[in-house]
file coords.cif (mmCIF, C-alpha atoms)
data_structure
loop_
_atom_site.label_atom_id
_atom_site.label_comp_id
_atom_site.auth_asym_id
_atom_site.auth_seq_id
_atom_site.Cartn_x
_atom_site.Cartn_y
_atom_site.Cartn_z
CA MET A 1 22.85 -5.07 10.92
CA ILE A 2 21.53 -7.36 8.24
CA GLN A 3 22.42 -6.20 4.74
CA VAL A 4 19.90 -7.28 2.13
CA ARG A 5 19.75 -6.03 -1.44
CA THR A 6 16.99 -3.51 -2.11
CA ILE A 7 15.51 -4.19 1.33
CA ALA A 8 14.79 -0.47 1.47
CA ILE A 9 11.38 -1.19 -0.03
CA ALA A 10 10.37 -2.54 3.33
CA LEU A 11 11.23 0.71 5.01
CA LYS A 12 8.76 2.68 2.87
CA LEU A 13 5.77 0.76 4.15
CA ALA A 14 4.26 3.53 6.19
CA ARG A 15 3.20 5.20 2.97
CA GLY A 16 1.18 2.18 1.96
CA LEU A 17 -0.64 1.49 5.20
CA ALA A 18 -4.36 1.93 5.52
CA VAL A 19 -4.32 5.62 6.34
CA GLY A 20 -7.36 6.02 4.13
CA ILE A 21 -9.65 4.16 6.51
CA VAL A 22 -12.78 6.16 7.12
CA PRO A 23 -15.59 4.57 9.13
CA ALA A 24 -18.84 4.08 7.34
CA ALA A 25 -21.53 6.61 8.21
CA LEU A 26 -22.52 5.79 11.75
CA VAL A 27 -26.05 4.61 12.29
CA LEU A 28 -26.82 7.09 15.02
CA ALA A 29 -29.96 8.74 13.72
CA PRO A 30 -30.30 10.72 16.96
CA ALA A 31 -33.93 11.41 17.76
CA ILE A 32 -35.31 13.37 20.67
CA VAL A 33 -38.60 11.48 20.54
CA GLN A 34 -36.84 8.12 20.77
CA ALA A 35 -34.75 9.32 23.70
CA ALA A 36 -37.80 10.52 25.55
CA GLU A 37 -39.39 7.09 25.35
CA GLN A 38 -36.53 5.26 27.05
CA GLY A 39 -37.85 5.40 30.59
CA SER A 40 -35.16 6.67 32.93
CA ARG A 41 -32.90 7.23 29.94
CA LYS A 42 -34.50 10.44 28.80
CA ILE A 43 -33.78 14.12 28.38
CA THR A 44 -35.34 16.17 31.16
CA THR A 45 -33.52 19.47 30.79
CA ARG A 46 -35.58 21.71 28.54
CA ALA A 47 -32.66 23.74 27.16
CA VAL A 48 -30.86 20.55 26.16
CA ALA A 49 -33.96 19.15 24.47
CA GLU A 50 -34.59 22.35 22.53
CA SER A 51 -31.01 22.63 21.28
CA LEU A 52 -30.84 18.99 20.25
CA LYS A 53 -34.17 19.25 18.43
CA LYS A 54 -32.83 22.21 16.44
CA ALA A 55 -29.62 20.30 15.80
CA GLN A 56 -31.61 17.33 14.55
CA ASP A 57 -33.58 19.51 12.15
CA ALA A 58 -30.35 21.01 10.79
CA MET A 59 -28.82 17.56 10.42
CA GLY A 60 -31.77 16.46 8.36
CA LYS A 61 -30.95 19.30 5.97
CA LYS A 62 -27.20 18.51 6.13
CA GLN A 63 -26.55 21.91 7.64
CA TRP A 64 -23.66 20.64 9.71
CA ASP A 65 -22.32 23.97 10.96
CA THR A 66 -25.76 24.96 12.23
CA ALA A 67 -26.20 21.57 13.86
CA LEU A 68 -22.80 21.86 15.53
CA ALA A 69 -23.63 25.28 16.92
CA GLU A 70 -26.83 23.96 18.51
CA ILE A 71 -25.01 20.94 19.94
CA LYS A 72 -22.45 23.24 21.55
CA LYS A 73 -25.32 25.20 23.11
CA ALA A 74 -26.57 21.96 24.61
CA GLN A 75 -23.07 21.18 25.88
CA ALA A 76 -22.95 24.54 27.65
CA VAL A 77 -26.11 23.87 29.67
CA PRO A 78 -25.17 23.34 33.36
CA LYS A 79 -26.24 20.43 35.55
CA LYS A 80 -26.98 17.97 32.74
CA THR A 81 -27.84 14.38 33.54
CA PRO A 82 -25.37 11.63 32.51
CA PHE A 83 -27.80 10.49 29.84
CA GLU A 84 -28.07 14.00 28.43
CA THR A 85 -24.28 14.23 28.22
CA TYR A 86 -24.23 10.87 26.44
CA GLN A 87 -26.94 11.96 23.99
CA ILE A 88 -25.14 15.22 23.23
CA ASP A 89 -21.96 13.28 22.47
CA GLU A 90 -23.89 11.02 20.11
CA PHE A 91 -25.07 14.05 18.17
CA LEU A 92 -21.66 15.70 18.32
CA GLY A 93 -19.78 12.64 17.09
CA TYR A 94 -22.17 12.15 14.20
CA VAL A 95 -21.83 15.74 13.00
CA LEU A 96 -18.03 15.72 13.34
CA ILE A 97 -17.87 12.60 11.18
CA GLN A 98 -19.95 14.33 8.51
CA GLN A 99 -17.54 17.26 8.65
CA LYS A 100 -14.60 14.85 8.36
CA LYS A 101 -13.22 16.07 11.68
CA TYR A 102 -12.05 12.60 12.63
CA GLY A 103 -9.53 13.77 15.21
CA GLU A 104 -12.29 15.52 17.14
CA ALA A 105 -14.80 12.70 16.65
CA ALA A 106 -12.57 9.94 18.05
CA PRO A 107 -12.45 11.09 21.70
CA VAL A 108 -16.16 11.91 21.57
CA PHE A 109 -17.05 8.34 20.65
CA GLU A 110 -14.52 7.08 23.18
CA ARG A 111 -16.47 8.99 25.84
CA VAL A 112 -19.69 7.44 24.55
CA LEU A 113 -18.24 3.95 24.91
CA ASN A 114 -16.85 4.66 28.35
CA SER A 115 -20.20 6.09 29.50
CA GLY A 116 -21.74 2.63 29.60
CA MET A 117 -24.93 4.02 28.08
CA LEU A 118 -24.48 2.88 24.51
CA PRO A 119 -26.92 0.02 23.74
CA ALA A 120 -25.13 -3.31 23.99
CA GLU A 121 -25.83 -4.23 20.38
CA GLN A 122 -23.94 -1.12 19.22
CA VAL A 123 -20.84 -1.49 21.39
CA ASP A 124 -18.86 -3.75 19.05
CA ASP A 125 -19.38 -1.64 15.95
CA ARG A 126 -18.61 1.56 17.84
CA THR A 127 -15.44 0.02 19.25
CA LYS A 128 -14.28 -0.74 15.72
CA THR A 129 -15.18 2.81 14.64
CA VAL A 130 -13.12 4.34 17.44
CA ALA A 131 -10.10 2.21 16.51
CA GLN A 132 -10.43 3.23 12.87
CA LEU A 133 -10.82 6.89 13.73
CA TYR A 134 -7.71 6.93 15.87
CA PHE A 135 -5.75 5.18 13.14
CA GLN A 136 -7.03 7.72 10.63
CA VAL A 137 -5.65 10.59 12.71
CA LYS A 138 -2.38 8.72 13.37
CA ASP A 139 -2.94 8.14 17.08
CA TYR A 140 -1.60 4.62 16.77
CA GLY A 141 -1.44 3.96 20.50
CA LYS A 142 -5.17 4.55 20.84
CA ALA A 143 -5.82 2.65 17.61
CA ALA A 144 -3.98 -0.35 19.05
CA GLN A 145 -5.83 -0.06 22.36
CA TRP A 146 -9.28 -0.07 20.78
CA SER A 147 -8.54 -2.65 18.12
CA LYS A 148 -7.28 -5.01 20.84
CA ARG A 149 -10.52 -4.43 22.73
CA TRP A 150 -12.46 -5.34 19.59
CA LEU A 151 -10.36 -8.43 18.95
CA SER A 152 -10.82 -9.64 22.53
CA LYS A 153 -14.49 -10.16 21.64
CA ASN A 154 -14.02 -10.95 17.95
CA PRO A 155 -10.79 -12.97 17.72
CA GLY A 156 -9.57 -13.64 14.22
CA ASP A 157 -11.28 -10.63 12.66
CA GLN A 158 -9.04 -9.88 9.68
CA GLU A 159 -9.77 -6.19 9.25
CA MET A 160 -9.05 -5.25 12.83
CA ALA A 161 -6.08 -7.60 13.18
CA VAL A 162 -4.51 -5.87 10.17
CA LEU A 163 -5.21 -2.46 11.72
CA LEU A 164 -3.64 -3.62 14.99
CA ALA A 165 -0.54 -4.93 13.22
CA GLN A 166 -0.21 -1.69 11.26
CA SER A 167 -0.57 0.31 14.46
CA TYR A 168 2.17 -1.71 16.14
CA TYR A 169 4.40 -1.22 13.10
CA LEU A 170 3.92 2.55 13.09
CA LEU A 171 4.59 2.60 16.83
CA LYS A 172 7.88 0.80 16.04
CA ASP A 173 6.73 -2.16 18.12
CA TYR A 174 8.13 -4.52 15.52
CA GLN A 175 7.90 -7.71 17.59
CA ASN A 176 4.15 -7.38 18.04
CA ALA A 177 3.70 -6.09 14.49
CA ALA A 178 5.38 -9.19 13.07
CA ALA A 179 3.55 -11.58 15.39
CA THR A 180 0.12 -10.04 14.78
CA MET A 181 0.47 -9.79 11.01
CA SER A 182 1.93 -13.30 10.80
CA GLY A 183 -1.27 -14.50 12.43
CA VAL A 184 -3.31 -12.69 9.78
CA VAL A 185 -1.23 -14.33 7.05
CA THR A 186 -1.56 -17.80 8.57
CA ARG A 187 -5.34 -17.53 8.90
CA ALA A 188 -5.63 -16.38 5.29
CA GLU A 189 -3.54 -19.32 4.09
CA ARG A 190 -5.58 -21.81 6.11
CA ALA A 191 -8.75 -20.37 4.58
CA GLY A 192 -7.34 -20.79 1.09
CA ARG A 193 -6.93 -17.04 0.52
CA THR A 194 -3.86 -15.28 -0.83
CA PRO A 195 -2.21 -13.07 1.80
CA GLN A 196 -2.00 -9.46 0.68
CA GLU A 197 1.41 -8.18 -0.36
CA ASN A 198 1.21 -5.32 2.14
CA TRP A 199 0.76 -7.76 5.03
CA LEU A 200 3.84 -9.70 4.05
CA GLN A 201 5.84 -6.50 3.58
CA ILE A 202 4.99 -5.48 7.13
CA VAL A 203 6.20 -8.84 8.44
CA MET A 204 9.40 -8.57 6.38
CA SER A 205 10.09 -4.98 7.41
CA SER A 206 9.42 -5.75 11.07
CA ARG A 207 11.88 -8.65 10.96
CA PHE A 208 14.38 -6.37 9.23
CA ASN A 209 14.08 -3.82 12.03
CA LEU A 210 14.55 -6.62 14.56
CA ASP A 211 17.76 -7.68 12.76
CA ASP A 212 16.17 -11.12 12.31
CA ARG A 213 17.75 -12.66 9.20
CA ASP A 214 15.79 -15.92 9.47
CA GLY A 215 12.55 -13.99 9.88
CA ILE A 216 13.31 -11.88 6.81
CA GLY A 217 13.96 -15.05 4.85
CA GLU A 218 10.67 -16.63 5.88
CA ALA A 219 8.75 -13.47 4.97
CA LEU A 220 10.48 -13.27 1.60
CA LYS A 221 9.59 -16.89 0.90
CA LYS A 222 5.93 -16.01 1.24
CA LEU A 223 6.38 -12.90 -0.90
CA VAL A 224 7.92 -14.87 -3.77
CA ARG A 225 5.25 -17.55 -3.31
CA TYR A 226 2.28 -15.21 -3.55
CA HIS A 227 3.62 -11.98 -5.08
CA PRO A 228 6.78 -12.90 -7.01
CA LYS A 229 8.89 -9.92 -7.98
CA ASP A 230 12.51 -9.70 -9.05
CA GLU A 231 13.50 -7.65 -6.00
CA TYR A 232 12.00 -10.19 -3.60
CA TRP A 233 13.85 -13.03 -5.30
CA ALA A 234 17.09 -11.03 -5.30
CA ASN A 235 16.78 -10.34 -1.57
CA LEU A 236 15.83 -13.93 -0.76
CA LEU A 237 18.62 -15.50 -2.78
CA ASP A 238 21.14 -13.04 -1.38
CA ILE A 239 20.32 -14.33 2.10
CA TYR A 240 20.41 -18.05 1.37
CA ARG A 241 23.28 -18.12 -1.12
CA ARG A 242 25.54 -16.91 1.68
CA LYS A 243 24.60 -20.04 3.65
CA ALA A 244 25.45 -22.46 0.83
CA GLU A 245 27.61 -25.42 1.83
CA GLY A 246 30.07 -26.17 -0.94
CA ASP A 247 30.61 -25.19 -4.55
CA ARG A 248 27.94 -27.42 -6.04
CA VAL A 249 25.24 -26.00 -3.77
CA THR A 250 26.47 -22.48 -4.57
CA LEU A 251 26.16 -23.32 -8.26
CA GLY A 252 22.61 -24.43 -7.55
CA TYR A 253 21.80 -21.00 -6.12
CA TYR A 254 23.35 -19.31 -9.13
CA ARG A 255 21.11 -21.42 -11.37
CA LEU A 256 18.04 -20.20 -9.53
CA MET A 257 19.32 -16.63 -9.63
CA ASN A 258 19.72 -16.99 -13.38
CA GLU A 259 16.21 -18.43 -13.63
CA VAL A 260 14.54 -15.54 -11.79
CA GLY A 261 16.61 -12.73 -13.29
CA ALA A 262 18.65 -12.05 -10.15
CA LEU A 263 22.03 -12.69 -11.76
CA LYS A 264 23.30 -9.13 -12.14
CA ASP A 265 26.94 -8.67 -11.17
CA LYS A 266 30.05 -9.42 -13.20
CA GLY A 267 31.41 -11.47 -10.34
CA ASP A 268 28.26 -13.60 -10.21
CA TYR A 269 28.44 -14.43 -13.92
CA VAL A 270 32.13 -15.29 -13.76
CA GLU A 271 31.81 -17.39 -10.60
CA MET A 272 28.79 -19.27 -11.94
CA ALA A 273 30.61 -20.06 -15.18
CA GLN A 274 33.71 -21.27 -13.35
CA LEU A 275 31.65 -23.40 -10.95
CA ALA A 276 29.79 -24.92 -13.90
CA ILE A 277 33.09 -25.85 -15.57
CA ASP A 278 34.32 -27.38 -12.30
CA ALA A 279 31.04 -29.33 -11.99
CA GLY A 280 31.52 -30.88 -15.43
CA VAL A 281 28.83 -28.93 -17.28
CA PRO A 282 30.82 -26.59 -19.57
CA GLY A 283 27.81 -26.09 -21.84
CA GLU A 284 26.09 -24.27 -19.00
CA ALA A 285 29.21 -22.17 -18.43
CA GLN A 286 29.24 -21.19 -22.11
CA GLN A 287 25.59 -20.13 -22.00
CA VAL A 288 26.12 -18.04 -18.87
CA VAL A 289 29.15 -16.18 -20.24
CA GLU A 290 27.42 -15.57 -23.57
CA LYS A 291 24.39 -14.18 -21.74
CA GLY A 292 26.57 -11.88 -19.64
CA ILE A 293 28.32 -10.57 -22.73
CA GLU A 294 25.07 -10.11 -24.64
CA LEU A 295 23.52 -8.14 -21.77
CA GLY A 296 26.61 -5.97 -21.49
CA THR A 297 27.34 -7.13 -17.95
CA LEU A 298 30.58 -8.84 -18.95
CA LYS A 299 31.98 -5.81 -20.70
CA GLY A 300 35.51 -5.00 -19.70
CA ALA A 301 36.63 -1.53 -18.73
CA ASP A 302 39.83 -2.20 -20.65
CA LYS A 303 41.43 -4.82 -22.88
CA THR A 304 42.88 -6.71 -19.94
CA GLU A 305 39.50 -7.20 -18.28
CA GLN A 306 37.74 -8.00 -21.54
CA GLY A 307 40.46 -10.50 -22.31
CA ARG A 308 39.60 -12.42 -19.13
CA TYR A 309 35.99 -12.73 -20.20
CA ASP A 310 36.94 -13.75 -23.72
CA ARG A 311 39.33 -16.42 -22.42
CA LEU A 312 36.66 -17.75 -20.07
CA LEU A 313 34.21 -18.01 -22.96
CA GLY A 314 36.79 -19.66 -25.18
CA SER A 315 37.62 -22.23 -22.53
CA ALA A 316 33.94 -23.00 -21.92
CA LYS A 317 33.29 -23.42 -25.65
CA LYS A 318 36.25 -25.77 -26.10
CA LEU A 319 35.23 -27.92 -23.16
CA ALA A 320 31.58 -27.94 -24.28
CA ILE A 321 32.56 -29.24 -27.73
CA GLU A 322 34.55 -32.06 -26.13
CA ASP A 323 31.75 -32.75 -23.66
CA GLN A 324 29.06 -33.03 -26.32
CA ALA A 325 31.25 -35.36 -28.34
CA SER A 326 31.44 -37.70 -25.34
CA LEU A 327 27.70 -37.90 -24.64
CA ALA A 328 27.03 -40.85 -26.94
CA GLN A 329 29.69 -42.94 -25.19
CA LEU A 330 28.51 -41.79 -21.77
CA SER A 331 24.98 -42.84 -22.69
CA LYS A 332 26.17 -46.37 -23.53
CA GLU A 333 28.13 -46.62 -20.29
CA ALA A 334 25.20 -45.35 -18.25
CA ALA A 335 22.88 -47.94 -19.75
CA LYS A 336 25.26 -50.78 -18.78
CA ALA A 337 26.11 -49.49 -15.32
CA ASP A 338 24.68 -51.20 -12.24
CA LYS A 339 24.63 -47.95 -10.28
CA GLY A 340 22.89 -44.74 -11.24
CA GLN A 341 25.66 -42.14 -11.05
CA PRO A 342 26.60 -42.34 -14.77
CA SER A 343 22.94 -41.79 -15.68
CA VAL A 344 22.72 -38.81 -13.35
CA ALA A 345 25.86 -37.29 -14.86
CA LEU A 346 24.38 -37.87 -18.32
CA GLY A 347 21.11 -36.26 -17.27
CA GLN A 348 22.87 -33.21 -15.89
CA ALA A 349 24.81 -32.87 -19.15
CA TYR A 350 21.60 -33.11 -21.17
CA LEU A 351 20.05 -30.47 -18.89
CA SER A 352 22.95 -28.09 -19.55
CA TYR A 353 22.39 -28.38 -23.32
CA GLY A 354 18.63 -27.84 -23.16
CA LYS A 355 17.74 -31.49 -23.86
CA TYR A 356 15.17 -31.56 -21.10
CA GLN A 357 13.22 -34.70 -22.00
CA ASP A 358 16.45 -36.68 -22.34
CA ALA A 359 17.55 -35.21 -19.01
CA VAL A 360 14.37 -36.41 -17.29
CA GLN A 361 14.80 -39.94 -18.65
CA ALA A 362 18.46 -40.18 -17.64
CA LEU A 363 17.95 -38.68 -14.19
CA THR A 364 14.91 -40.85 -13.48
CA SER A 365 16.88 -43.94 -14.50
CA GLY A 366 19.82 -42.96 -12.30
CA LEU A 367 17.62 -42.31 -9.27
CA ALA A 368 15.89 -45.65 -9.75
CA LYS A 369 19.21 -47.53 -9.86
CA GLY A 370 20.57 -45.80 -6.77
CA GLY A 371 24.16 -45.76 -5.64
CA LEU A 372 24.47 -42.02 -6.23
CA LEU A 373 27.08 -39.61 -4.97
CA ASP A 374 24.32 -37.17 -3.96
CA THR A 375 20.68 -38.19 -4.33
CA ASP A 376 19.37 -34.77 -3.28
CA GLU A 377 21.38 -33.00 -5.98
CA ALA A 378 19.98 -35.43 -8.54
CA GLN A 379 16.42 -34.71 -7.34
CA ILE A 380 16.96 -30.98 -7.78
CA SER A 381 18.35 -31.55 -11.29
CA LEU A 382 15.27 -33.63 -12.09
CA GLY A 383 13.00 -30.90 -10.74
CA ILE A 384 14.71 -28.29 -12.90
CA ALA A 385 14.31 -30.49 -15.98
CA TYR A 386 10.59 -30.86 -15.26
CA MET A 387 10.36 -27.08 -14.76
CA LYS A 388 11.91 -26.48 -18.17
CA LEU A 389 9.32 -28.82 -19.68
CA GLY A 390 6.52 -26.88 -17.99
CA GLN A 391 5.59 -29.85 -15.78
CA ARG A 392 5.42 -27.86 -12.57
CA ASP A 393 3.60 -30.37 -10.39
CA LEU A 394 6.22 -33.03 -11.14
CA ALA A 395 8.97 -30.46 -10.59
CA ARG A 396 7.53 -29.53 -7.19
CA LYS A 397 7.30 -33.17 -6.21
CA ALA A 398 10.96 -33.71 -7.13
CA PHE A 399 12.08 -30.68 -5.12
CA GLN A 400 9.99 -31.73 -2.14
CA THR A 401 11.64 -35.15 -2.17
CA VAL A 402 14.92 -33.60 -0.98
CA LYS A 403 15.55 -34.69 2.59
CA ASP A 404 15.13 -32.42 5.60
CA ALA A 405 18.44 -31.25 7.08
CA SER A 406 20.17 -31.89 3.76
CA LYS A 407 22.60 -29.21 2.60
CA TRP A 408 20.28 -28.92 -0.41
CA GLU A 409 17.10 -28.46 1.65
CA GLN A 410 16.83 -24.67 1.47
CA LEU A 411 17.64 -24.55 -2.23
CA ALA A 412 15.06 -27.24 -2.95
CA GLU A 413 12.45 -25.26 -1.01
CA LEU A 414 13.21 -22.13 -3.05
CA TRP A 415 12.97 -24.04 -6.32
CA ALA A 416 9.64 -25.47 -5.14
CA LEU A 417 8.42 -21.91 -4.52
CA ARG A 418 9.45 -21.04 -8.05
CA THR A 419 7.07 -23.68 -9.42
CA TYR A 420 4.13 -21.50 -8.35
CA ALA A 421 5.20 -18.62 -10.61
CA SER A 422 3.27 -18.00 -13.80
CA ALA A 423 4.60 -19.94 -16.75
#
call {"tool": "encode", "arguments": {"input": "coords.cif", "output": "structure tokens"}}
result
Amino acid sequence: MIQVRTIAIALKLARGLAVGIVPAALVLAPAIVQAAEQGSRKITTRAVAESLKKAQDAMGKKQWDTALAEIKKAQAVPKKTPFETYQIDEFLGYVLIQQKKYGEAAPVFERVLNSGMLPAEQVDDRTKTVAQLYFQVKDYGKAAQWSKRWLSKNPGDQEMAVLLAQSYYLLKDYQNAAATMSGVVTRAERAGRTPQENWLQIVMSSRFNLDDRDGIGEALKKLVRYHPKDEYWANLLDIYRRKAEGDRVTLGYYRLMNEVGALKDKGDYVEMAQLAIDAGVPGEAQQVVEKGIELGTLKGADKTEQGRYDRLLGSAKKLAIEDQASLAQLSKEAAKADKGQPSVALGQAYLSYGKYQDAVQALTSGLAKGGLLDTDEAQISLGIAYMKLGQRDLARKAFQTVKDASKWEQLAELWALRTYASA
């Protein structure tokens, strides 16, 4: 089973589904006079006509119990015509809706639809109503059946596609729930609309129940794109950090975790600091350890543990002092170099010390010269520098320049998603 941090949120979705759907007041306006004028479609049984007329009078006064009693009298009349049975059901369904007896109203309107007597122009709306009623009373199988019937004539209808996806989800048909709701999300994106958080949660939770790690990741990408929250970022980065190829890529994930507030554990702080030292950016290591200590995360349970953190900080500080002292010389060497790697190294050093404009200039120069050890890593560093300067469009462009199938591709995509977050 896939283990994802705080993924439990996805398992609480049933509480947030559209259980509050109540169909709008149906435009039935039953009328004995109208029925009598419909040629062969008319009420001929006197007892039925009398009871329905009394029911109609009571309905006009909103005396629903009285109306229901008269309708039941009409139901009890023997040897009714099919049209009379249909007309009685129309009255009955209307009154039950007014009484909020949705569970009783749903099969009544289902009978009306199956009778074939409902005017053609009302069939679509009534089909939607039946689907909504069944969803309201938690008969999700029937809700799915009738929403599919609606969608067969009205493909792409957002409201009913959402109801269908929710019905599948609550039926534990996670494959169809994910597929149907993914279609809703895609259509919203193509129309330039923001997909609702609940839709994306259903997709994520369905993929979780299907033990589909890649599907969870894709759903979380959309959640952090449109509804960024710390827990979504933590879950997403937990998935992809485990796939990182090599220490430098792992360090890249830690940087993004630090950026979005997902760096929480002692081990994460220590590993990030050590990886930063190994990558030649001790200033970044110093900042990470200091942050962990300030937040109380790197607080030892005893002197031995605290001593490890203190020694790590001391080492990072010492190396950072030496590193900063070498930057002037490195800058001169980078300017003279035919290849761009010295400029990239300089830019990454500037980035670690918060000199973002200098970092952009050095990294841009290095990329232009070429001859780099890892062009994609340099592009990500450039994107981060632009992000720190608030130049999000340029940052996104830098991240999107990373090649497909590169070991940096997923990380670059996640950084690009981060550019959409509020400044």
call {"tool": "atom_distance", "arguments": {"input": "coords.cif", "atom1": "atom CA of Gln391 of chain A", "atom2": "atom CA of Gly354 of chain A"}}
result
15.1 Å
call {"tool": "resolve_selection", "arguments": {"input": "coords.cif", "expression": "the PyMOL selection byres ((chain A and resi 135-150) around 10)", "output": "ChimeraX atom specification"}}
result
/A:18-23,101-104,106-107,110,123-134,151-155,157,159-171
call {"tool": "closest_residue", "arguments": {"input": "coords.cif", "among": "A:Gly215, A:Gly192, A:Gly116, A:Gly246", "to": "Ala179 of chain A", "atoms": "only C-alpha atoms"}}
result
A:Gly215
call {"tool": "atom_distance", "arguments": {"input": "coords.cif", "atom1": "atom CA of Lys264 of chain A", "atom2": "atom CA of Lys299 of chain A"}}
result
12.6 Å
call {"tool": "resolve_selection", "arguments": {"input": "coords.cif", "expression": "the PyMOL selection byres ((chain A and resi 220) around 12)", "output": "ChimeraX atom specification"}}
result
/A:4,7,10,197,199-205,207-208,213-219,221-240,414,417
call {"tool": "resolve_selection", "arguments": {"input": "coords.cif", "expression": "the PyMOL selection byres ((chain A and resi 93-97) around 7)", "output": "PDB file with C-alpha atoms, in the coordinates of the input"}}
result
ATOM      1  CA  LEU A  26     -22.520   5.790  11.750  1.00  0.00           C
ATOM      2  CA  LEU A  28     -26.820   7.090  15.020  1.00  0.00           C
ATOM      3  CA  TRP A  64     -23.660  20.640   9.710  1.00  0.00           C
ATOM      4  CA  LEU A  68     -22.800  21.860  15.530  1.00  0.00           C
ATOM      5  CA  ASP A  89     -21.960  13.280  22.470  1.00  0.00           C
ATOM      6  CA  GLU A  90     -23.890  11.020  20.110  1.00  0.00           C
ATOM      7  CA  PHE A  91     -25.070  14.050  18.170  1.00  0.00           C
ATOM      8  CA  LEU A  92     -21.660  15.700  18.320  1.00  0.00           C
ATOM      9  CA  GLN A  98     -19.950  14.330   8.510  1.00  0.00           C
ATOM     10  CA  GLN A  99     -17.540  17.260   8.650  1.00  0.00           C
ATOM     11  CA  LYS A 100     -14.600  14.850   8.360  1.00  0.00           C
ATOM     12  CA  LYS A 101     -13.220  16.070  11.680  1.00  0.00           C
ATOM     13  CA  TYR A 102     -12.050  12.600  12.630  1.00  0.00           C
ATOM     14  CA  GLU A 104     -12.290  15.520  17.140  1.00  0.00           C
ATOM     15  CA  ALA A 105     -14.800  12.700  16.650  1.00  0.00           C
ATOM     16  CA  VAL A 108     -16.160  11.910  21.570  1.00  0.00           C
ATOM     17  CA  PHE A 109     -17.050   8.340  20.650  1.00  0.00           C
TER      18      PHE A 109
END
call {"tool": "residues_near_point", "arguments": {"input": "coords.cif", "point": "(20.0, -33.9, -25.3)", "cutoff": "12 Å", "atoms": "only C-alpha atoms", "output": "list of chain:residue names"}}
result
A:Gly283, A:Asp323, A:Gln324, A:Ala325, A:Leu327, A:Ala328, A:Ser331, A:Leu346, A:Gly347, A:Gln348, A:Ala349, A:Tyr350, A:Leu351, A:Ser352, A:Tyr353, A:Gly354, A:Lys355, A:Tyr356, A:Gln357, A:Asp358, A:Ala359, A:Val360, A:Gln361, A:Ala362, A:Ala385
call {"tool": "closest_residue", "arguments": {"input": "coords.cif", "among": "A:Gln158, A:Asn209, A:Lys80, A:Lys388", "to": "Arg187 of chain A", "atoms": "all atoms listed in the file"}}
result
A:Gln158
call {"tool": "atom_distance", "arguments": {"input": "coords.cif", "atom1": "atom CA of Leu330 of chain A", "atom2": "atom CA of Ala276 of chain A"}}
result
18.7 Å
call {"tool": "residues_around", "arguments": {"input": "coords.cif", "residues": "segment 378-382 of chain A", "least_positions_apart": "6", "cutoff": "7 Å", "atoms": "only C-alpha atoms", "output": "PDB file with C-alpha atoms, in the coordinates of the input"}}
result
ATOM      1  CA  VAL A 344      22.720 -38.810 -13.350  1.00  0.00           C
ATOM      2  CA  GLN A 348      22.870 -33.210 -15.890  1.00  0.00           C
ATOM      3  CA  VAL A 360      14.370 -36.410 -17.290  1.00  0.00           C
ATOM      4  CA  LEU A 363      17.950 -38.680 -14.190  1.00  0.00           C
ATOM      5  CA  ALA A 398      10.960 -33.710  -7.130  1.00  0.00           C
ATOM      6  CA  PHE A 399      12.080 -30.680  -5.120  1.00  0.00           C
ATOM      7  CA  VAL A 402      14.920 -33.600  -0.980  1.00  0.00           C
ATOM      8  CA  ALA A 412      15.060 -27.240  -2.950  1.00  0.00           C
TER       9      ALA A 412
END
call {"tool": "closest_residue", "arguments": {"input": "coords.cif", "among": "A:Ala262, A:Ala421, A:Ala76, A:Leu251", "to": "Trp408 of chain A", "atoms": "only C-alpha atoms"}}
result
A:Leu251
call {"tool": "closest_residue", "arguments": {"input": "coords.cif", "among": "A:Ser365, A:Thr66, A:Thr401, A:Ser182", "to": "Lys339 of chain A", "atoms": "all atoms listed in the file"}}
result
A:Ser365
call {"tool": "closest_residue", "arguments": {"input": "coords.cif", "among": "A:Leu394, A:Ala67, A:Val289, A:Leu118", "to": "Pro82 of chain A", "atoms": "only C-alpha atoms"}}
result
A:Leu118
